$ cat coords-v8.txt   # compact mmCIF, C-alpha atoms
# COMPACT_ATOMS: atom_id res chain seq x y z
CA MET A 1 11.93 -27.44 11.31
CA ARG A 2 13.45 -28.61 8.00
CA SER A 3 10.95 -26.72 5.90
CA GLU A 4 11.78 -23.50 7.72
CA ASP A 5 15.51 -24.02 7.23
CA GLU A 6 14.83 -24.52 3.58
CA PHE A 7 12.76 -21.34 3.50
CA ARG A 8 15.49 -19.33 5.23
CA ALA A 9 18.12 -20.67 2.88
CA TYR A 10 16.02 -19.83 -0.15
CA VAL A 11 15.12 -16.33 1.00
CA SER A 12 18.68 -15.52 2.08
CA ALA A 13 19.98 -16.60 -1.31
CA ARG A 14 17.37 -14.61 -3.23
CA LEU A 15 17.17 -11.55 -1.00
CA GLU A 16 19.35 -9.26 -3.08
CA SER A 17 17.71 -10.35 -6.31
CA LEU A 18 14.26 -9.67 -4.84
CA ARG A 19 15.39 -6.26 -3.55
CA ARG A 20 16.72 -5.26 -6.95
CA THR A 21 13.57 -6.41 -8.68
CA ALA A 22 11.48 -4.50 -6.13
CA TYR A 23 13.62 -1.41 -6.64
CA LEU A 24 13.17 -1.54 -10.40
CA LEU A 25 9.44 -1.82 -9.89
CA CYS A 26 9.01 0.97 -7.36
CA ARG A 27 12.20 3.04 -7.85
CA ASP A 28 12.69 3.62 -4.13
CA TRP A 29 15.02 1.52 -1.97
CA HIS A 30 13.07 2.06 1.26
CA LEU A 31 9.82 1.04 -0.35
CA ALA A 32 11.63 -1.83 -2.06
CA ASP A 33 12.67 -3.18 1.35
CA ASP A 34 9.06 -2.80 2.52
CA LEU A 35 7.79 -4.73 -0.48
CA VAL A 36 10.39 -7.48 -0.02
CA SER A 37 9.51 -7.83 3.67
CA ILE A 38 5.83 -8.20 2.86
CA THR A 39 6.68 -10.67 0.10
CA ILE A 40 8.84 -12.78 2.42
CA GLY A 41 6.01 -12.89 4.95
CA LYS A 42 3.61 -14.11 2.28
CA LEU A 43 6.09 -16.69 1.02
CA TYR A 44 6.57 -17.97 4.57
CA ARG A 45 2.83 -18.34 5.10
CA HIS A 46 2.43 -20.34 1.89
CA TRP A 47 5.82 -22.00 1.74
CA THR A 48 4.40 -25.50 1.26
CA ARG A 49 2.61 -24.30 -1.85
CA VAL A 50 5.53 -22.13 -2.99
CA ARG A 51 8.14 -24.91 -2.83
CA ALA A 52 5.85 -27.17 -4.85
CA ALA A 53 5.72 -24.64 -7.70
CA ASP A 54 7.47 -25.48 -10.96
CA ASN A 55 9.47 -22.28 -10.86
CA VAL A 56 9.89 -21.02 -7.31
CA ASP A 57 11.75 -17.89 -8.44
CA ALA A 58 9.00 -16.95 -10.86
CA TYR A 59 6.41 -17.56 -8.15
CA SER A 60 8.30 -15.31 -5.70
CA ARG A 61 8.62 -12.55 -8.25
CA GLY A 62 4.94 -12.88 -9.00
CA VAL A 63 4.12 -12.39 -5.33
CA LEU A 64 6.48 -9.42 -5.19
CA THR A 65 4.93 -7.83 -8.27
CA ARG A 66 1.43 -8.22 -6.91
CA VAL A 67 2.51 -6.78 -3.57
CA TYR A 68 3.91 -3.80 -5.47
CA LEU A 69 0.74 -3.30 -7.51
CA ASP A 70 -1.41 -3.64 -4.37
CA GLU A 71 0.75 -1.10 -2.60
CA LEU A 72 0.13 1.40 -5.40
CA ARG A 73 -3.57 1.36 -4.62
CA ARG A 74 -2.97 2.76 -1.17
CA PRO A 75 -4.01 6.37 -0.97
CA TRP A 76 -0.79 7.59 0.64
CA ARG A 77 1.21 6.12 -2.22
CA ARG A 78 -0.77 8.21 -4.66
CA GLU A 79 -0.91 11.32 -2.53
CA ASP A 80 1.96 13.72 -2.35
CA ALA A 81 2.45 14.85 1.25
CA THR A 82 4.83 17.66 0.35
CA ALA A 83 3.87 20.90 -1.33
CA ASP A 84 6.95 21.20 -3.51
CA THR A 85 8.07 18.83 -6.18
CA PRO A 86 11.85 18.53 -6.31
CA GLU A 87 13.49 19.48 -9.57
CA PRO A 88 14.66 16.42 -11.47
CA PRO A 89 18.43 16.26 -11.88
CA ALA A 90 19.57 17.51 -15.25
CA SER A 91 20.84 14.70 -17.43
CA GLN A 92 23.66 15.14 -19.85
CA PRO A 93 23.46 12.43 -22.45
CA VAL A 94 26.51 12.09 -24.62
CA ASP A 95 26.43 10.79 -28.17
CA GLY A 96 23.13 9.02 -27.85
CA ILE A 97 24.10 7.18 -24.70
CA VAL A 98 21.41 7.58 -22.09
CA GLU A 99 23.18 7.75 -18.76
CA ARG A 100 22.00 5.82 -15.76
CA SER A 101 20.10 8.63 -14.07
CA ALA A 102 18.41 9.49 -17.34
CA LEU A 103 17.34 5.88 -17.80
CA ALA A 104 16.00 5.91 -14.24
CA GLN A 105 13.90 8.95 -15.11
CA LEU A 106 12.69 7.29 -18.28
CA LEU A 107 11.68 4.22 -16.33
CA ASP A 108 9.90 6.43 -13.80
CA GLY A 109 7.85 7.84 -16.65
CA LEU A 110 6.25 4.48 -17.45
CA PRO A 111 2.90 3.46 -15.95
CA PRO A 112 3.35 0.89 -13.14
CA ARG A 113 1.92 -2.09 -15.02
CA GLN A 114 3.98 -1.39 -18.09
CA ARG A 115 7.07 -1.09 -15.91
CA ALA A 116 6.18 -4.37 -14.19
CA VAL A 117 5.87 -6.10 -17.56
CA LEU A 118 9.24 -4.73 -18.69
CA VAL A 119 10.99 -5.68 -15.44
CA LEU A 120 9.56 -9.20 -15.45
CA ARG A 121 10.24 -9.74 -19.14
CA PHE A 122 13.65 -8.14 -19.54
CA TYR A 123 15.19 -8.09 -16.07
CA CYS A 124 13.78 -11.28 -14.57
CA ASP A 125 13.94 -12.88 -18.01
CA LEU A 126 10.49 -14.43 -17.76
CA SER A 127 8.64 -15.62 -20.84
CA VAL A 128 5.51 -13.96 -22.17
CA GLU A 129 3.46 -16.85 -20.76
CA GLU A 130 5.04 -16.66 -17.30
CA THR A 131 4.63 -12.89 -17.16
CA ALA A 132 1.00 -13.16 -18.24
CA ALA A 133 0.33 -15.79 -15.59
CA LEU A 134 2.01 -13.77 -12.83
CA LEU A 135 0.18 -10.56 -13.61
CA HIS A 136 -3.13 -12.27 -14.38
CA ILE A 137 -3.27 -10.71 -17.82
CA SER A 138 -3.41 -12.18 -21.32
CA ARG A 139 -0.35 -13.00 -23.41
CA GLY A 140 -1.47 -10.44 -25.94
CA THR A 141 -1.50 -7.77 -23.25
CA VAL A 142 2.03 -8.71 -22.19
CA LYS A 143 3.22 -8.48 -25.79
CA SER A 144 1.55 -5.15 -26.43
CA GLN A 145 2.67 -3.71 -23.07
CA SER A 146 6.25 -4.87 -23.73
CA ALA A 147 6.25 -3.35 -27.19
CA ARG A 148 4.62 -0.15 -25.99
CA GLY A 149 6.95 0.07 -22.97
CA LEU A 150 10.04 -0.42 -25.07
CA GLU A 151 8.79 2.04 -27.64
CA THR A 152 8.09 4.58 -24.88
CA LEU A 153 11.57 4.09 -23.50
CA ARG A 154 13.07 4.49 -26.95
CA SER A 155 11.03 7.58 -27.78
CA LEU A 156 11.76 9.14 -24.39
CA ALA A 157 15.42 8.34 -24.91
CA ARG A 158 15.31 10.02 -28.33
CA VAL A 159 13.73 13.12 -26.83
CA GLU A 160 16.24 13.07 -23.99
CA VAL A 161 19.14 12.74 -26.37
CA SER A 162 17.92 15.39 -28.80
CA GLU A 163 17.43 18.01 -26.06
CA PRO A 164 20.18 20.66 -26.05
CA MET B 1 20.87 -4.69 -23.56
CA MET B 2 17.82 -4.07 -21.37
CA GLN B 3 19.17 -6.51 -18.78
CA GLN B 4 22.44 -4.57 -18.68
CA LEU B 5 20.64 -1.24 -18.33
CA PHE B 6 18.48 -2.61 -15.51
CA ASP B 7 21.58 -4.02 -13.80
CA GLU B 8 23.24 -0.61 -13.97
CA LEU B 9 20.27 0.98 -12.25
CA THR B 10 20.68 -1.25 -9.21
CA THR B 11 24.43 -1.08 -8.80
CA ASN B 12 24.38 1.37 -5.87
CA ALA B 13 22.06 -0.63 -3.65
CA PRO B 14 22.12 0.56 -0.01
CA PRO B 15 22.47 -2.08 2.73
CA SER B 16 19.33 -4.13 3.18
CA THR B 17 17.01 -3.34 6.08
CA VAL B 18 15.09 -6.57 5.57
CA ASP B 19 15.37 -8.76 8.68
CA ILE B 20 14.46 -12.30 7.71
CA ASP B 21 14.62 -13.58 11.30
CA ALA B 22 12.19 -10.91 12.50
CA ILE B 23 9.78 -11.59 9.64
CA VAL B 24 9.83 -15.33 10.32
CA ALA B 25 9.32 -14.74 14.05
CA ARG B 26 6.41 -12.39 13.36
CA GLU B 27 4.76 -14.81 10.95
CA ARG B 28 5.18 -17.63 13.46
CA ARG B 29 3.52 -15.55 16.14
CA ALA B 30 0.70 -14.62 13.76
CA MET B 31 0.14 -18.27 12.84
CA ARG B 32 0.10 -19.21 16.50
CA ARG B 33 -2.40 -16.44 17.25
CA ARG B 34 -4.64 -17.57 14.40
CA ARG B 35 -4.45 -21.15 15.61
CA ILE B 36 -5.20 -20.13 19.20
CA ALA B 37 -8.03 -17.86 18.08
CA GLY B 38 -9.54 -20.68 16.02
CA THR B 39 -9.12 -23.23 18.80
CA GLY B 40 -10.34 -20.76 21.40
CA ALA B 41 -13.48 -19.94 19.45
CA THR B 42 -14.21 -23.63 18.93
CA ALA B 43 -13.56 -24.45 22.58
CA LEU B 44 -15.76 -21.56 23.66
CA ALA B 45 -18.56 -22.68 21.37
CA VAL B 46 -18.28 -26.25 22.66
CA ALA B 47 -18.24 -25.04 26.29
CA VAL B 48 -21.26 -22.80 25.74
CA LEU B 49 -23.10 -25.59 23.99
CA GLY B 50 -22.24 -28.05 26.78
CA LEU B 51 -23.39 -25.56 29.40
CA LEU B 52 -26.66 -24.94 27.60
CA ILE B 53 -27.37 -28.63 27.26
CA GLN B 54 -26.68 -29.14 30.98
CA VAL B 55 -28.39 -26.08 32.38
CA ASP B 56 -31.19 -25.37 29.97
CA PRO B 57 -33.43 -28.31 29.27
CA ARG B 58 -35.76 -26.21 27.11
CA PRO B 59 -36.65 -27.53 23.66
CA PRO B 60 -34.73 -26.21 20.67
CA GLU B 61 -37.35 -23.58 19.76
CA ALA B 62 -35.95 -21.42 22.58
CA PRO B 63 -32.86 -19.99 20.83
CA PRO B 64 -30.11 -19.45 23.41
CA ALA B 65 -27.38 -19.96 20.83
CA ALA B 66 -28.41 -16.83 18.96
CA GLU B 67 -27.68 -14.72 21.99
CA SER B 68 -24.18 -16.03 22.57
CA THR B 69 -21.52 -14.11 20.69
CA PRO B 70 -17.98 -15.41 20.43
CA SER B 71 -15.63 -13.34 22.58
CA VAL B 72 -12.75 -13.84 20.17
CA GLU B 73 -13.16 -12.20 16.77
CA THR B 74 -10.40 -13.25 14.41
CA VAL B 75 -9.07 -10.93 11.71
CA GLN B 76 -10.96 -13.03 9.17
CA ASP B 77 -14.17 -12.47 11.12
CA ILE B 78 -13.50 -8.74 11.25
CA ALA B 79 -12.72 -8.59 7.52
CA SER B 80 -15.90 -10.47 6.73
CA ARG B 81 -17.99 -8.26 9.01
CA LEU B 82 -16.48 -5.11 7.53
CA THR B 83 -17.17 -6.37 4.01
CA ASP B 84 -20.87 -6.78 4.74
CA ALA B 85 -21.09 -3.47 6.61
CA LEU B 86 -19.24 -1.55 3.92
CA ARG B 87 -21.33 -2.92 1.06
CA TYR B 88 -24.49 -2.23 2.98
CA ALA B 89 -23.42 1.34 3.82
CA VAL B 90 -22.55 2.09 0.20
CA SER B 91 -25.83 0.67 -1.10
CA ARG B 92 -27.72 2.65 1.57
CA GLU B 93 -26.06 5.94 0.68
CA ALA B 94 -26.00 5.37 -3.06
CA PRO B 95 -28.80 2.94 -3.95
CA THR B 96 -28.16 3.21 -7.70
CA ALA B 97 -24.41 2.63 -7.45
CA GLU B 98 -23.03 -0.34 -9.35
CA LEU B 99 -19.89 -1.95 -7.94
CA SER B 100 -17.26 -3.83 -9.87
CA SER B 101 -13.68 -4.95 -9.29
CA VAL B 102 -10.91 -2.45 -9.86
CA ASP B 103 -9.00 -3.15 -13.11
CA GLY B 104 -11.11 -6.26 -13.61
CA GLY B 105 -9.13 -7.92 -10.79
CA ALA B 106 -10.06 -11.22 -9.23
CA GLY B 107 -11.03 -9.76 -5.85
CA ALA B 108 -14.72 -9.12 -5.32
CA PRO B 109 -15.72 -5.45 -5.09
CA LEU B 110 -15.35 -4.04 -1.57
CA GLU B 111 -14.22 -7.37 -0.19
CA VAL B 112 -12.13 -6.40 2.82
CA SER B 113 -8.69 -7.94 3.15
CA TYR B 114 -6.17 -7.44 5.91
CA ARG B 115 -2.46 -7.15 6.41
CA VAL B 116 0.06 -6.36 9.09
CA CYS B 117 1.27 -2.78 9.08
CA GLY B 118 4.88 -1.71 9.00
CA ALA B 119 6.47 -4.93 7.87
CA ALA B 120 9.90 -3.45 7.22
CA GLU B 121 10.71 -2.44 10.74
CA PRO B 122 10.58 -5.42 13.08
CA PRO B 123 10.88 -3.61 16.45
CA ARG B 124 7.67 -1.74 15.73
CA THR B 125 4.45 -3.13 17.13
CA LEU B 126 2.31 -4.38 14.31
CA PRO B 127 -1.38 -3.52 14.19
CA MET B 128 -3.65 -4.86 11.49
CA ALA B 129 -4.93 -2.78 8.64
CA TYR B 130 -8.07 -3.62 6.72
CA MET B 131 -8.65 -2.49 3.17
CA ALA B 132 -10.96 -2.88 0.23
CA SER B 133 -11.53 -1.27 -3.13
CA ALA B 134 -14.09 -1.20 -5.91
CA ARG B 135 -15.03 0.71 -9.00
CA VAL B 136 -18.23 2.60 -8.23
CA ARG B 137 -20.50 3.62 -11.06
CA VAL B 138 -23.49 5.94 -10.72
CA ASP B 139 -25.24 6.84 -13.96
CA ASP B 140 -22.44 7.59 -16.44
CA ARG B 141 -19.75 8.42 -13.89
CA ASP B 142 -17.40 5.95 -12.31
CA ALA B 143 -14.51 6.19 -9.86
CA VAL B 144 -12.33 4.00 -7.69
CA LEU B 145 -13.28 3.77 -4.05
CA VAL B 146 -10.63 2.73 -1.54
CA PHE B 147 -11.55 1.80 2.02
CA GLU B 148 -9.14 1.45 4.87
CA ALA B 149 -9.53 0.90 8.57
CA GLY B 150 -6.87 0.47 11.19
CA ALA B 151 -6.42 -0.23 14.83
CA ARG B 152 -4.31 2.70 15.85
CA VAL B 153 -4.39 6.05 14.21
CA ALA B 154 -1.35 7.10 16.21
CA ASP B 155 0.79 4.28 14.92
CA ALA B 156 3.78 5.29 12.84
CA PHE B 157 2.54 3.33 9.89
CA CYS B 158 -0.87 4.89 10.02
CA ALA B 159 0.69 8.30 10.42
CA LYS B 160 1.37 8.14 6.71
CA THR B 161 -2.36 8.11 6.24
CA VAL B 162 -2.82 10.90 8.73
CA LEU B 163 -0.65 13.06 6.52
CA VAL B 164 -3.16 12.69 3.74
CA PRO B 165 -6.22 14.48 5.03
CA PRO B 166 -5.36 17.94 6.34
CA GLY B 167 -8.70 19.03 4.94
CA THR B 168 -11.73 20.41 6.72
CA GLU B 169 -12.26 19.03 10.21
CA SER B 170 -15.69 18.56 11.73
CA PRO B 171 -17.06 16.52 14.64
CA GLY B 172 -18.76 13.21 13.92
CA PRO B 173 -21.99 11.95 15.52
CA ALA B 174 -20.15 9.84 18.12
CA GLY B 175 -17.33 12.21 18.96
CA GLU B 176 -15.20 11.29 15.97
CA ARG B 177 -12.92 13.76 14.24
CA VAL B 178 -13.93 13.81 10.59
CA PHE B 179 -11.49 15.23 8.04
CA THR B 180 -12.88 15.77 4.57
CA ARG B 181 -11.17 16.93 1.46
CA LEU B 182 -12.30 17.49 -2.12
CA THR B 183 -9.92 18.55 -4.86
CA PRO B 184 -10.88 21.76 -6.71
CA ASP B 185 -11.72 19.86 -9.90
CA GLY B 186 -13.97 17.48 -7.95
CA SER B 187 -12.12 14.39 -9.19
CA LYS B 188 -10.82 13.21 -5.79
CA ALA B 189 -12.26 13.19 -2.32
CA SER B 190 -11.18 11.68 0.94
CA VAL B 191 -12.91 11.29 4.27
CA PHE B 192 -10.82 10.32 7.25
CA VAL B 193 -12.57 9.45 10.50
CA ALA B 194 -10.49 9.28 13.68
CA ARG B 195 -12.56 7.62 16.40
CA PRO B 196 -12.18 8.41 20.10
CA ASP B 197 -10.94 4.86 20.75
CA GLY B 198 -7.97 5.48 18.47
CA THR B 199 -9.17 3.49 15.47
CA PHE B 200 -9.69 5.08 12.09
CA VAL B 201 -11.62 4.67 8.86
CA HIS B 202 -10.48 6.23 5.63
CA LEU B 203 -12.42 6.43 2.38
CA TYR B 204 -10.80 7.70 -0.77
CA LEU B 205 -12.70 8.16 -4.03
CA HIS B 206 -10.96 9.22 -7.21
CA ARG B 207 -11.23 9.23 -10.97
CA ALA B 208 -8.87 10.42 -13.68
CA GLU B 209 -10.91 13.49 -14.57
CA GLY B 210 -14.37 14.89 -14.05
CA GLN B 211 -16.68 14.80 -11.07
CA ILE B 212 -16.66 11.76 -8.80
CA PRO B 213 -20.02 9.98 -8.59
CA LEU B 214 -20.51 10.31 -4.81
CA THR B 215 -20.61 13.45 -2.71
CA VAL B 216 -18.42 14.10 0.31
CA ALA B 217 -21.58 13.94 2.43
CA GLN B 218 -22.33 10.44 1.14
CA LEU B 219 -18.74 9.35 1.78
CA THR B 220 -18.89 10.82 5.28
CA ALA B 221 -22.13 8.99 6.05
CA ILE B 222 -20.46 5.74 5.01
CA ALA B 223 -17.25 6.42 6.93
CA VAL B 224 -18.94 7.24 10.25
CA ASP B 225 -21.19 4.17 10.07
CA ARG B 226 -20.85 2.46 13.47
CA ALA B 227 -20.94 -0.95 11.80
CA LEU B 228 -17.49 -0.17 10.39
CA GLU B 229 -15.95 0.06 13.86
CA LEU B 230 -13.16 -2.38 14.55

$ encode --input "coords-v8.txt" --output "structure tokens"
Amino acid sequence: MRSEDEFRAYVSARLESLRRTAYLLCRDWHLADDLVSITIGKLYRHWTRVRAADNVDAYSRGVLTRVYLDELRRPWRREDATADTPEPPASQPVDGIVERSALAQLLDGLPPRQRAVLVLRFYCDLSVEETAALLHISRGTVKSQSARGLETLRSLARVEVSEP
Amino acid sequence: MMQQLFDELTTNAPPSTVDIDAIVARERRAMRRRRIAGTGATALAVAVLGLLIQVDPRPPEAPPAAESTPSVETVQDIASRLTDALRYAVSREAPTAELSSVDGGAGAPLEVSYRVCGAAEPPRTLPMAYMASARVRVDDRDAVLVFEAGARVADAFCAKTVLVPPGTESPGPAGERVFTRLTPDGSKASVFVARPDGTFVHLYLHRAEGQIPLTVAQLTAIAVDRALEL
């Protein structure tokens, strides 16, 4: 089936990109693979519609982002099955440079939607309009969430850096 | 700068466990099943109709069609049936409750959708899971209600859910095992019903702070409703 070959070629080419986007959204590689698998299934089911989209990559990321947000609503994603919370690794920022693990922690501190807006806007390089369309929110919300998300990251980074 | 920072975060990606071939094969099978289920239901309806026309010459006021139930219930049928049953059960237990979509989303409140469990591990058998959510408001209190039902409580995927409710266990009216849990501040409650046939129903009600608008008893009455059986 030509359409299926096309689908396989597209997904194979974008797999790593989708995994990285999923990881930035959920911050867990195992869950990221789960989300990408679900996304690929959805793309396969609607491939005729997907390939007709103006921006297939943006469409795919939109599906992935919605899968991620849906997944968050599941009770077991909100519940903590373990009694103990692991200690976060101590970060040692040097001269105002927030190291990778510290940035990861900062990103973890953002609410899911705000993180999704930041990832779509600044990692996937989508416009305000595209991000708004993908998340079914207004352009104003995207702008305010971006600004607030960036400001949160900056303020968290300042706190992180100023800690002894 | 942000792009660079994001790139740095994903530099140590582990090998992918996503199996595109397995996902495609699974989706193909699912499409085939849906097609067969649809064709089968139509063929069955046509056969029943043909039989009735041949065998039963009674006028149309005798309603034989109402007694015939399709033997094949598709996942869409089940989702639709569960939607009706769930809304009815909630309105029965909480007549003053107002339902709305969570986060103003496009999905209708308590409209049941379905998905295949355990997508990331192809060798696993894949049961269906049904889920729905809504914001429930009673008087001045509102909370988010999440409904889930699944085919096999023992499945590895569903085991994640089983981890959730190690609360108080009590027997249900039809031999179910009912696990209930209410957080000390009264802001979250879950009722997990494991039926003897292996299926389960899980209701989870939560709000950011303050008392949830439904009691555990009301949630339990909804969860053990026989109309919510798969």

$ atom_distance --input "coords-v8.txt" --atom1 "CA of Leu15 in chain A" --atom2 "CA of Thr65 in chain A"
14.7 Å

$ closest_residue --input "coords-v8.txt" --among "A:Leu43, A:Leu135, A:Leu24, A:Leu72" --to "Phe7 in chain A" --atoms "only C-alpha atoms"
A:Leu43

$ residues_around --input "coords-v8.txt" --residues "Met31 in chain B" --least-positions-apart "4" --cutoff "12 Å" --atoms "all atoms listed in the file" --output "list of chain:residue names"
A:Gly41, A:Lys42, A:Tyr44, A:Arg45, A:His46, B:Val24, B:Ala25, B:Arg26, B:Glu27, B:Arg35, B:Ile36, B:Ala37, B:Gly38, B:Thr74, B:Val75

$ closest_atom_pairs --input "coords-v8.txt" --of "range 19-75 of chain A" --to "range 112-122 of chain A" --cutoff "10 Å" --atoms "only C-alpha atoms" --output "CSV"
residue,atom,partner,partner_atom,distance
A:Thr21,CA,A:Val119,CA,7.3
A:Ala22,CA,A:Val119,CA,9.4
A:Leu24,CA,A:Val119,CA,6.9
A:Leu25,CA,A:Ala116,CA,6.0
A:Cys26,CA,A:Pro112,CA,8.1
A:Ala58,CA,A:Leu120,CA,9.0
A:Arg61,CA,A:Leu120,CA,8.0
A:Gly62,CA,A:Leu120,CA,8.7
A:Thr65,CA,A:Ala116,CA,7.0
A:Arg66,CA,A:Ala116,CA,9.5
A:Tyr68,CA,A:Pro112,CA,9.0
A:Leu69,CA,A:Pro112,CA,7.5
A:Leu72,CA,A:Pro112,CA,8.4

$ residues_around --input "coords-v8.txt" --residues "range 167-170 of chain B" --least-positions-apart "5" --cutoff "7 Å" --atoms "all atoms listed in the file" --output "number ranges by chain"
B: 177-181

$ closest_residue --input "coords-v8.txt" --among "B:Phe192, B:Arg137, B:Leu145, B:Phe6" --to "Thr96 in chain B" --atoms "only C-alpha atoms"
B:Arg137

$ closest_residue --input "coords-v8.txt" --among "B:Ala47, B:Leu110, B:Val193, B:Val144" --to "Ala89 in chain B" --atoms "all atoms listed in the file"
B:Leu110

$ closest_residue --input "coords-v8.txt" --among "A:Ser138, A:Gln105, A:Ser37, A:Ser3" --to "chain B" --atoms "all atoms listed in the file"
A:Ser37

$ closest_residue --input "coords-v8.txt" --among "A:Val63, A:Leu126, A:Ala104, A:Leu110" --to "chain B" --atoms "only C-alpha atoms"
A:Ala104

$ closest_residue --input "coords-v8.txt" --among "B:Thr10, B:Tyr204, B:Gln3, B:Ala149" --to "Arg27 in chain A" --atoms "all atoms listed in the file"
B:Thr10

$ atom_distance --input "coords-v8.txt" --atom1 "CA of Ala217 in chain B" --atom2 "CA of Tyr114 in chain B"
26.6 Å

$ residues_near_point --input "coords-v8.txt" --point "(-0.5, -10.1, -24.1)" --cutoff "12 Å" --atoms "only C-alpha atoms" --output "ChimeraX atom specification"
/A:114,117,121,127-133,135-148

$ axis_aligned_box --input "coords-v8.txt" --around "range 54-70 of chain A" --padding-each-side "5 Å" --output "AutoDock Vina command-line options"
--center_x 5.2 --center_y -14.4 --center_z -7.3 --size_x 23.2 --size_y 32.2 --size_z 17.4

$ atom_distance --input "coords-v8.txt" --atom1 "CA of His202 in chain B" --atom2 "CA of Val146 in chain B"
8.0 Å

$ residues_around --input "coords-v8.txt" --residues "Arg2 in chain A" --least-positions-apart "5" --cutoff "12 Å" --atoms "only C-alpha atoms" --output "list in words"
Phe7, Arg8, Ala9, Trp47 and Thr48 of chain A

$ residues_around --input "coords-v8.txt" --residues "Ala97 in chain B" --least-positions-apart "6" --cutoff "7 Å" --atoms "all atoms listed in the file" --output "VMD selection string"
chain B and resid 91 136 to 138

$ residues_near_point --input "coords-v8.txt" --point "(-22.3, -2.8, 14.0)" --cutoff "10 Å" --atoms "only C-alpha atoms" --output "PyMOL selection string"
chain B and resi 81-82+85+225-230

$ build_atoms --input "coords-v8.txt" --residues "range 123-135 of chain A" --atoms "N, CA, C and O atoms" --output "compact mmCIF listing (two decimals), in the frame of the given file"
# COMPACT_ATOMS: atom_id res chain seq x y z
N TYR A 123 14.23 -8.01 -17.17
CA TYR A 123 15.19 -8.09 -16.07
C TYR A 123 15.13 -9.49 -15.45
O TYR A 123 16.15 -10.13 -15.26
N CYS A 124 13.92 -9.95 -15.17
CA CYS A 124 13.78 -11.28 -14.57
C CYS A 124 13.83 -12.37 -15.65
O CYS A 124 13.85 -13.56 -15.32
N ASP A 125 13.81 -11.95 -16.90
CA ASP A 125 13.94 -12.88 -18.01
C ASP A 125 12.82 -13.92 -18.05
O ASP A 125 13.05 -15.09 -18.35
N LEU A 126 11.63 -13.52 -17.71
CA LEU A 126 10.49 -14.43 -17.76
C LEU A 126 9.89 -14.42 -19.17
O LEU A 126 9.99 -13.42 -19.89
N SER A 127 9.27 -15.54 -19.52
CA SER A 127 8.64 -15.62 -20.84
C SER A 127 7.33 -14.82 -20.84
O SER A 127 6.84 -14.41 -19.78
N VAL A 128 6.80 -14.66 -22.03
CA VAL A 128 5.51 -13.96 -22.17
C VAL A 128 4.45 -14.70 -21.36
O VAL A 128 3.66 -14.09 -20.63
N GLU A 129 4.47 -16.04 -21.45
CA GLU A 129 3.46 -16.85 -20.76
C GLU A 129 3.59 -16.69 -19.24
O GLU A 129 2.59 -16.52 -18.54
N GLU A 130 4.83 -16.77 -18.75
CA GLU A 130 5.04 -16.66 -17.30
C GLU A 130 4.62 -15.27 -16.80
O GLU A 130 3.97 -15.14 -15.77
N THR A 131 5.00 -14.25 -17.56
CA THR A 131 4.63 -12.89 -17.16
C THR A 131 3.11 -12.72 -17.14
O THR A 131 2.55 -12.13 -16.21
N ALA A 132 2.46 -13.26 -18.17
CA ALA A 132 1.00 -13.16 -18.24
C ALA A 132 0.36 -13.85 -17.04
O ALA A 132 -0.57 -13.32 -16.42
N ALA A 133 0.90 -15.04 -16.71
CA ALA A 133 0.33 -15.79 -15.59
C ALA A 133 0.53 -15.04 -14.27
O ALA A 133 -0.37 -14.99 -13.43
N LEU A 134 1.71 -14.46 -14.09
CA LEU A 134 2.01 -13.77 -12.83
C LEU A 134 1.15 -12.53 -12.64
O LEU A 134 0.72 -12.22 -11.53
N LEU A 135 0.92 -11.82 -13.74
CA LEU A 135 0.18 -10.56 -13.61
C LEU A 135 -1.32 -10.73 -13.85
O LEU A 135 -2.07 -9.76 -13.83
